[in-house]
$ cat run_6.cif   # mmCIF, C-alpha atoms
data_coords
loop_
_atom_site.group_PDB
_atom_site.id
_atom_site.type_symbol
_atom_site.label_atom_id
_atom_site.label_comp_id
_atom_site.auth_asym_id
_atom_site.auth_seq_id
_atom_site.Cartn_x
_atom_site.Cartn_y
_atom_site.Cartn_z
ATOM 1 C CA MET A 1 -62.576 20.554 -45.671
ATOM 2 C CA VAL A 2 -65.674 22.307 -46.999
ATOM 3 C CA ASN A 3 -65.336 23.752 -50.500
ATOM 4 C CA ASN A 4 -67.629 26.398 -51.910
ATOM 5 C CA ASN A 5 -68.408 28.373 -55.012
ATOM 6 C CA VAL A 6 -69.809 31.440 -53.322
ATOM 7 C CA ARG A 7 -67.596 33.742 -55.390
ATOM 8 C CA ALA A 8 -68.805 32.308 -58.715
ATOM 9 C CA LYS A 9 -72.454 32.460 -57.671
ATOM 10 C CA ARG A 10 -72.031 36.006 -56.395
ATOM 11 C CA GLN A 11 -70.468 37.087 -59.666
ATOM 12 C CA GLU A 12 -73.281 35.354 -61.581
ATOM 13 C CA HIS A 13 -75.682 37.672 -59.773
ATOM 14 C CA ASN A 14 -73.464 40.741 -60.375
ATOM 15 C CA MET A 15 -73.132 41.343 -56.678
ATOM 16 C CA THR A 16 -70.195 42.868 -54.849
ATOM 17 C CA GLN A 17 -68.882 41.331 -51.652
ATOM 18 C CA GLU A 18 -70.455 44.237 -49.773
ATOM 19 C CA ASP A 19 -73.855 43.616 -51.431
ATOM 20 C CA LEU A 20 -73.756 39.956 -50.452
ATOM 21 C CA ALA A 21 -72.587 40.783 -46.927
ATOM 22 C CA ASN A 22 -75.474 43.208 -46.448
ATOM 23 C CA LYS A 23 -78.049 40.756 -47.780
ATOM 24 C CA ALA A 24 -76.716 37.821 -45.756
ATOM 25 C CA GLU A 25 -76.365 40.053 -42.668
ATOM 26 C CA VAL A 26 -72.664 39.447 -42.125
ATOM 27 C CA SER A 27 -69.534 41.561 -42.405
ATOM 28 C CA ARG A 28 -67.579 41.967 -45.639
ATOM 29 C CA GLN A 29 -64.575 40.252 -44.011
ATOM 30 C CA THR A 30 -66.683 37.130 -43.466
ATOM 31 C CA ILE A 31 -67.554 36.975 -47.179
ATOM 32 C CA ILE A 32 -63.866 37.462 -48.039
ATOM 33 C CA ALA A 33 -62.864 34.627 -45.656
ATOM 34 C CA LEU A 34 -65.638 32.400 -47.031
ATOM 35 C CA GLU A 35 -64.635 32.925 -50.651
ATOM 36 C CA LYS A 36 -61.008 32.162 -49.821
ATOM 37 C CA GLY A 37 -62.138 28.933 -48.153
ATOM 38 C CA ASP A 38 -60.793 30.186 -44.817
ATOM 39 C CA TYR A 39 -64.106 30.021 -43.000
ATOM 40 C CA THR A 40 -66.722 27.310 -42.669
ATOM 41 C CA PRO A 41 -70.087 28.995 -42.066
ATOM 42 C CA SER A 42 -72.810 27.938 -39.657
ATOM 43 C CA VAL A 43 -75.877 26.166 -41.036
ATOM 44 C CA LYS A 44 -77.849 29.396 -40.607
ATOM 45 C CA LEU A 45 -75.358 31.440 -42.623
ATOM 46 C CA ALA A 46 -75.147 28.739 -45.305
ATOM 47 C CA LEU A 47 -78.944 28.817 -45.640
ATOM 48 C CA LEU A 48 -78.977 32.626 -45.755
ATOM 49 C CA LEU A 49 -76.313 32.644 -48.465
ATOM 50 C CA ALA A 50 -78.175 30.010 -50.460
ATOM 51 C CA ARG A 51 -81.381 32.039 -50.277
ATOM 52 C CA THR A 52 -79.586 35.261 -51.202
ATOM 53 C CA LEU A 53 -77.859 33.630 -54.180
ATOM 54 C CA HIS A 54 -81.019 31.778 -55.333
ATOM 55 C CA SER A 55 -79.271 28.494 -54.879
ATOM 56 C CA THR A 56 -79.228 25.476 -52.579
ATOM 57 C CA VAL A 57 -76.747 24.812 -49.802
ATOM 58 C CA GLU A 58 -75.509 21.722 -51.688
ATOM 59 C CA GLN A 59 -74.819 23.830 -54.771
ATOM 60 C CA LEU A 60 -72.837 26.336 -52.721
ATOM 61 C CA PHE A 61 -70.968 24.040 -50.329
ATOM 62 C CA TRP A 62 -69.613 20.523 -50.586
ATOM 63 C CA LEU A 63 -67.173 18.258 -48.775
ATOM 64 C CA GLU A 64 -63.914 17.112 -50.339
ATOM 65 C CA ASP A 65 -64.197 13.544 -51.679
ATOM 66 C CA LYS A 66 -61.890 12.093 -49.002
ATOM 67 C CA GLU A 67 -64.308 13.256 -46.300
ATOM 68 C CA LEU A 68 -67.346 11.556 -47.848
ATOM 69 C CA MET B 1 -68.707 52.235 -48.662
ATOM 70 C CA LYS B 2 -72.079 53.899 -48.388
ATOM 71 C CA THR B 3 -72.245 57.221 -46.568
ATOM 72 C CA HIS B 4 -73.899 56.955 -43.175
ATOM 73 C CA TRP B 5 -73.770 60.618 -42.151
ATOM 74 C CA GLN B 6 -76.118 60.140 -39.185
ATOM 75 C CA TYR B 7 -73.794 57.452 -37.858
ATOM 76 C CA TYR B 8 -70.669 59.613 -38.181
ATOM 77 C CA LEU B 9 -72.343 62.729 -36.756
ATOM 78 C CA SER B 10 -73.822 60.910 -33.746
ATOM 79 C CA ARG B 11 -70.560 59.117 -32.944
ATOM 80 C CA ILE B 12 -68.497 62.327 -33.153
ATOM 81 C CA VAL B 13 -70.984 64.140 -30.886
ATOM 82 C CA VAL B 14 -70.933 61.291 -28.330
ATOM 83 C CA VAL B 15 -67.146 60.945 -28.368
ATOM 84 C CA ALA B 16 -66.635 64.733 -28.105
ATOM 85 C CA SER B 17 -69.084 64.911 -25.187
ATOM 86 C CA ILE B 18 -67.345 62.103 -23.311
ATOM 87 C CA SER B 19 -63.910 63.664 -23.920
ATOM 88 C CA LEU B 20 -65.166 67.035 -22.601
ATOM 89 C CA ILE B 21 -66.594 65.345 -19.489
ATOM 90 C CA PHE B 22 -63.216 63.659 -18.935
ATOM 91 C CA ALA B 23 -61.417 67.000 -19.328
ATOM 92 C CA TRP B 24 -63.796 68.870 -16.987
ATOM 93 C CA SER B 25 -63.517 66.151 -14.377
ATOM 94 C CA GLY B 26 -59.772 66.534 -14.030
ATOM 95 C CA MET B 27 -58.187 64.552 -16.854
ATOM 96 C CA PRO B 28 -55.377 66.521 -18.581
ATOM 97 C CA TRP B 29 -56.608 68.198 -21.787
ATOM 98 C CA TRP B 30 -54.028 66.448 -23.923
ATOM 99 C CA MET B 31 -55.213 63.061 -22.618
ATOM 100 C CA ALA B 32 -58.877 63.926 -23.225
ATOM 101 C CA GLY B 33 -57.866 64.993 -26.737
ATOM 102 C CA LEU B 34 -56.104 61.669 -27.215
ATOM 103 C CA VAL B 35 -59.226 59.813 -26.070
ATOM 104 C CA PHE B 36 -61.236 61.809 -28.623
ATOM 105 C CA ILE B 37 -58.799 61.073 -31.470
ATOM 106 C CA VAL B 38 -58.560 57.339 -30.716
ATOM 107 C CA ALA B 39 -62.318 56.851 -30.210
ATOM 108 C CA ALA B 40 -63.316 59.010 -33.195
ATOM 109 C CA GLY B 41 -60.685 57.230 -35.294
ATOM 110 C CA PHE B 42 -62.179 53.879 -34.372
ATOM 111 C CA PHE B 43 -65.717 54.956 -35.278
ATOM 112 C CA ILE B 44 -64.535 56.382 -38.620
ATOM 113 C CA TRP B 45 -62.485 53.253 -39.397
ATOM 114 C CA ALA B 46 -65.019 50.635 -38.272
ATOM 115 C CA PRO B 47 -67.643 50.837 -41.079
ATOM 116 C CA ALA B 48 -64.973 50.985 -43.794
ATOM 117 C CA SER B 49 -62.994 48.094 -42.336
ATOM 118 C CA GLY B 50 -65.538 45.453 -43.279
ATOM 119 C CA HIS B 51 -65.264 43.876 -39.833
ATOM 120 C CA TYR B 52 -68.673 45.129 -38.707
ATOM 121 C CA ARG B 53 -72.202 45.242 -40.003
ATOM 122 C CA VAL B 54 -73.531 48.805 -39.878
ATOM 123 C CA LEU B 55 -77.227 49.006 -39.034
ATOM 124 C CA THR B 56 -78.152 52.625 -39.653
ATOM 125 C CA ASN B 57 -81.667 52.136 -38.287
ATOM 126 C CA GLU B 58 -80.163 51.239 -34.889
ATOM 127 C CA ALA B 59 -79.180 54.682 -33.644
ATOM 128 C CA ALA B 60 -77.620 53.647 -30.330
ATOM 129 C CA THR B 61 -75.666 50.572 -31.394
ATOM 130 C CA PRO B 62 -75.215 50.590 -35.176
ATOM 131 C CA LEU B 63 -72.045 48.457 -35.216
ATOM 132 C CA ARG B 64 -72.706 44.723 -34.978
ATOM 133 C CA LEU B 65 -70.436 41.702 -34.971
ATOM 134 C CA ASP B 66 -71.422 38.720 -37.079
ATOM 135 C CA GLU B 67 -70.981 35.040 -36.165
ATOM 136 C CA ARG B 68 -67.364 34.829 -37.378
ATOM 137 C CA SER B 69 -66.295 37.996 -35.527
ATOM 138 C CA ARG B 70 -68.030 36.810 -32.365
ATOM 139 C CA GLN B 71 -66.261 33.431 -32.590
ATOM 140 C CA ILE B 72 -62.917 35.217 -32.992
ATOM 141 C CA ARG B 73 -63.531 37.498 -30.004
ATOM 142 C CA ASP B 74 -64.786 34.620 -27.845
ATOM 143 C CA ARG B 75 -61.674 32.597 -28.648
ATOM 144 C CA ALA B 76 -59.351 35.554 -28.016
ATOM 145 C CA GLY B 77 -61.200 36.361 -24.775
ATOM 146 C CA ARG B 78 -60.866 32.818 -23.454
ATOM 147 C CA THR B 79 -57.140 32.729 -24.216
ATOM 148 C CA ALA B 80 -56.547 36.195 -22.718
ATOM 149 C CA PHE B 81 -58.431 35.127 -19.583
ATOM 150 C CA VAL B 82 -56.136 32.108 -19.180
ATOM 151 C CA VAL B 83 -53.089 34.349 -19.710
ATOM 152 C CA VAL B 84 -54.313 36.734 -16.978
ATOM 153 C CA GLU B 85 -54.989 33.818 -14.614
ATOM 154 C CA ILE B 86 -51.504 32.357 -15.117
ATOM 155 C CA LEU B 87 -49.761 35.727 -14.739
ATOM 156 C CA ALA B 88 -51.802 36.627 -11.655
ATOM 157 C CA LEU B 89 -50.975 33.261 -10.094
ATOM 158 C CA ALA B 90 -47.275 33.763 -10.894
ATOM 159 C CA VAL B 91 -47.285 37.270 -9.359
ATOM 160 C CA PHE B 92 -49.138 36.063 -6.267
ATOM 161 C CA THR B 93 -46.783 33.086 -5.843
ATOM 162 C CA PHE B 94 -43.751 35.377 -6.274
ATOM 163 C CA GLY B 95 -45.159 37.642 -3.546
ATOM 164 C CA GLN B 96 -45.564 34.743 -1.130
ATOM 165 C CA PHE B 97 -41.852 33.920 -1.370
ATOM 166 C CA GLN B 98 -40.832 37.437 -0.300
ATOM 167 C CA ASP B 99 -39.872 38.139 3.309
ATOM 168 C CA PRO B 100 -42.319 39.274 4.602
ATOM 169 C CA PRO B 101 -44.874 37.880 2.114
ATOM 170 C CA VAL B 102 -46.560 40.603 0.055
ATOM 171 C CA VAL B 103 -49.476 40.867 -2.360
ATOM 172 C CA PRO B 104 -48.020 42.981 -5.174
ATOM 173 C CA THR B 105 -51.157 44.967 -5.986
ATOM 174 C CA ALA B 106 -49.248 47.298 -8.319
ATOM 175 C CA ALA B 107 -48.497 44.331 -10.583
ATOM 176 C CA ILE B 108 -52.205 43.548 -11.009
ATOM 177 C CA GLY B 109 -52.590 46.575 -13.301
ATOM 178 C CA ILE B 110 -49.707 45.328 -15.445
ATOM 179 C CA VAL B 111 -51.222 41.824 -15.547
ATOM 180 C CA LEU B 112 -54.605 43.208 -16.641
ATOM 181 C CA GLY B 113 -52.870 45.391 -19.233
ATOM 182 C CA LEU B 114 -51.029 42.351 -20.599
ATOM 183 C CA GLY B 115 -54.334 40.473 -20.703
ATOM 184 C CA MET B 116 -55.932 43.276 -22.732
ATOM 185 C CA PHE B 117 -52.904 43.397 -25.049
ATOM 186 C CA THR B 118 -53.117 39.612 -25.528
ATOM 187 C CA TYR B 119 -56.838 39.891 -26.338
ATOM 188 C CA LEU B 120 -56.330 42.622 -28.957
ATOM 189 C CA LEU B 121 -53.297 40.859 -30.451
ATOM 190 C CA LEU B 122 -55.112 37.517 -30.726
ATOM 191 C CA ILE B 123 -58.091 39.158 -32.462
ATOM 192 C CA GLN B 124 -55.680 40.346 -35.165
ATOM 193 C CA VAL B 125 -54.009 36.907 -35.370
ATOM 194 C CA TYR B 126 -57.308 34.995 -35.553
ATOM 195 C CA GLU B 127 -58.746 37.431 -38.114
ATOM 196 C CA ARG B 128 -55.950 36.414 -40.463
ATOM 197 C CA ALA B 129 -55.911 32.712 -39.632
ATOM 198 C CA PRO B 130 -58.159 30.226 -41.464
ATOM 199 C CA GLN B 131 -61.075 28.859 -39.400
ATOM 200 C CA ARG B 132 -61.856 25.712 -41.301
ATOM 201 C CA GLU B 133 -63.703 22.703 -39.957
#
$ encode --input "run_6.cif" --output "structure tokens"
Amino acid sequence: MVNNNVRAKRQEHNMTQEDLANKAEVSRQTIIALEKGDYTPSVKLALLLARTLHSTVEQLFWLEDKEL
Amino acid sequence: MKTHWQYYLSRIVVVASISLIFAWSGMPWWMAGLVFIVAAGFFIWAPASGHYRVLTNEAATPLRLDERSRQIRDRAGRTAFVVVEILALAVFTFGQFQDPPVVPTAAIGIVLGLGMFTYLLLIQVYERAPQRE
């Protein structure tokens, strides 16, 4: 399973879910699903989120230890 | 939600025009009114729902699906297609066992309706289900 800290990074940047959705060009429901860990994004979306949140993909997403 | 007044105005005008065309071309007024209410309701609900991106600079098609929504609809569409195929095969097979054999064309509408219902139902189910990899 892919874990993420999108919510924490978003809050660091004082962004709402709608702000992040608009900047990453996805729907608000996708951000909600992502933050709940219910959706694994494509590489393109992961890169877009990383750029929007001034972060790297590795800082935003990581695999659970048992999958490494 | 930000106010997109151009979006709402254009959608209401389009939906009202289509409903009037339906009514003038023979559809009962109450049914044309129902079409207007359902379609206008959808266009009012859609931007607030969070299921769509709203591109206000795209006048004709401002509502866009993102990758997750497209995946959900593709999955629901594939399943609904299989459901329609199985039901149509069952109806056709049932017809062949009648004496004389018949092709129950009236049932095709019901089969297609069930397929559409399955599609819409599965979209709701998949929207709520985790899509982890």
$ resolve_selection --input "run_6.cif" --expression "the PyMOL selection byres ((chain B and resi 48) around 12)" --output "VMD selection string"
(chain A and resid 18 27 to 29) or (chain B and resid 1 to 4 8 41 to 47 49 to 54 63)
$ resolve_selection --input "run_6.cif" --expression "the PyMOL selection byres ((chain A and resi 23) around 10)" --output "list in words"
Gln17, Glu18, Asp19, Leu20, Ala21, Asn22, Ala24, Glu25, Val26, Leu48, Leu49, Arg51, Thr52 and Leu53 of chain A
$ residues_around --input "run_6.cif" --residues "Phe61 of chain A" --least-positions-apart "6" --cutoff "8 Å" --atoms "all atoms listed in the file" --output "MDAnalysis selection string"
chainID A and resid 2:5
$ resolve_selection --input "run_6.cif" --expression "the PyMOL selection byres ((chain A and resi 33) around 10)" --output "compact mmCIF listing (two decimals) with C-alpha atoms, keeping the file's coordinate frame"
# COMPACT_ATOMS: atom_id res chain seq x y z
CA ARG A 28 -67.58 41.97 -45.64
CA GLN A 29 -64.58 40.25 -44.01
CA THR A 30 -66.68 37.13 -43.47
CA ILE A 31 -67.55 36.98 -47.18
CA ILE A 32 -63.87 37.46 -48.04
CA LEU A 34 -65.64 32.40 -47.03
CA GLU A 35 -64.64 32.92 -50.65
CA LYS A 36 -61.01 32.16 -49.82
CA GLY A 37 -62.14 28.93 -48.15
CA ASP A 38 -60.79 30.19 -44.82
CA TYR A 39 -64.11 30.02 -43.00
CA THR A 40 -66.72 27.31 -42.67
CA PRO A 41 -70.09 29.00 -42.07
CA ARG B 68 -67.36 34.83 -37.38
CA GLU B 127 -58.75 37.43 -38.11
CA ARG B 128 -55.95 36.41 -40.46
CA ALA B 129 -55.91 32.71 -39.63
CA PRO B 130 -58.16 30.23 -41.46
CA GLN B 131 -61.08 28.86 -39.40
CA ARG B 132 -61.86 25.71 -41.30
$ residues_around --input "run_6.cif" --residues "Gln6 of chain B" --least-positions-apart "5" --cutoff "12 Å" --atoms "only C-alpha atoms" --output "list in words"
Arg11, Ile12, Val13, Val54, Leu55, Thr56, Asn57, Glu58, Ala59, Ala60 and Pro62 of chain B
$ closest_residue --input "run_6.cif" --among "B:Ile108, B:Leu114, B:Leu120, B:Ile72" --to "chain A" --atoms "only C-alpha atoms"
B:Ile72
$ atom_distance --input "run_6.cif" --atom1 "atom CA of His54 of chain A" --atom2 "atom CA of His13 of chain A"
9.1 Å
$ atom_distance --input "run_6.cif" --atom1 "atom CA of Val103 of chain B" --atom2 "atom CA of Val91 of chain B"
8.2 Å
$ decode --input "run_6.cif" --residues "segment 17-44 of chain A" --atoms "C-alpha atoms" --output "PDB file, in the first residue's frame"
ATOM      1  CA  GLN A  17      -8.595  20.810  -0.571  1.00  0.00           C
ATOM      2  CA  GLU A  18     -10.270  22.881  -3.283  1.00  0.00           C
ATOM      3  CA  ASP A  19      -7.140  25.049  -3.718  1.00  0.00           C
ATOM      4  CA  LEU A  20      -4.963  21.971  -4.113  1.00  0.00           C
ATOM      5  CA  ALA A  21      -7.458  20.335  -6.473  1.00  0.00           C
ATOM      6  CA  ASN A  22      -7.501  23.414  -8.700  1.00  0.00           C
ATOM      7  CA  LYS A  23      -3.714  23.690  -8.771  1.00  0.00           C
ATOM      8  CA  ALA A  24      -3.173  19.981  -9.424  1.00  0.00           C
ATOM      9  CA  GLU A  25      -5.992  19.980 -12.011  1.00  0.00           C
ATOM     10  CA  VAL A  26      -8.080  17.280 -10.364  1.00  0.00           C
ATOM     11  CA  SER A  27     -11.439  17.183  -8.618  1.00  0.00           C
ATOM     12  CA  ARG A  28     -11.873  17.848  -4.901  1.00  0.00           C
ATOM     13  CA  GLN A  29     -13.107  14.261  -4.426  1.00  0.00           C
ATOM     14  CA  THR A  30      -9.773  12.967  -5.730  1.00  0.00           C
ATOM     15  CA  ILE A  31      -7.874  15.000  -3.117  1.00  0.00           C
ATOM     16  CA  ILE A  32     -10.250  13.708  -0.421  1.00  0.00           C
ATOM     17  CA  ALA A  33      -9.690  10.089  -1.564  1.00  0.00           C
ATOM     18  CA  LEU A  34      -5.922  10.653  -1.731  1.00  0.00           C
ATOM     19  CA  GLU A  35      -5.711  12.097   1.769  1.00  0.00           C
ATOM     20  CA  LYS A  36      -7.738   9.199   3.154  1.00  0.00           C
ATOM     21  CA  GLY A  37      -5.320   6.789   1.469  1.00  0.00           C
ATOM     22  CA  ASP A  38      -8.162   5.442  -0.680  1.00  0.00           C
ATOM     23  CA  TYR A  39      -6.567   6.327  -3.993  1.00  0.00           C
ATOM     24  CA  THR A  40      -3.130   5.697  -5.440  1.00  0.00           C
ATOM     25  CA  PRO A  41      -2.394   8.461  -7.959  1.00  0.00           C
ATOM     26  CA  SER A  42      -0.745   8.126 -11.350  1.00  0.00           C
ATOM     27  CA  VAL A  43       2.891   9.174 -11.720  1.00  0.00           C
ATOM     28  CA  LYS A  44       1.724  12.343 -13.481  1.00  0.00           C
TER      29      LYS A  44
END
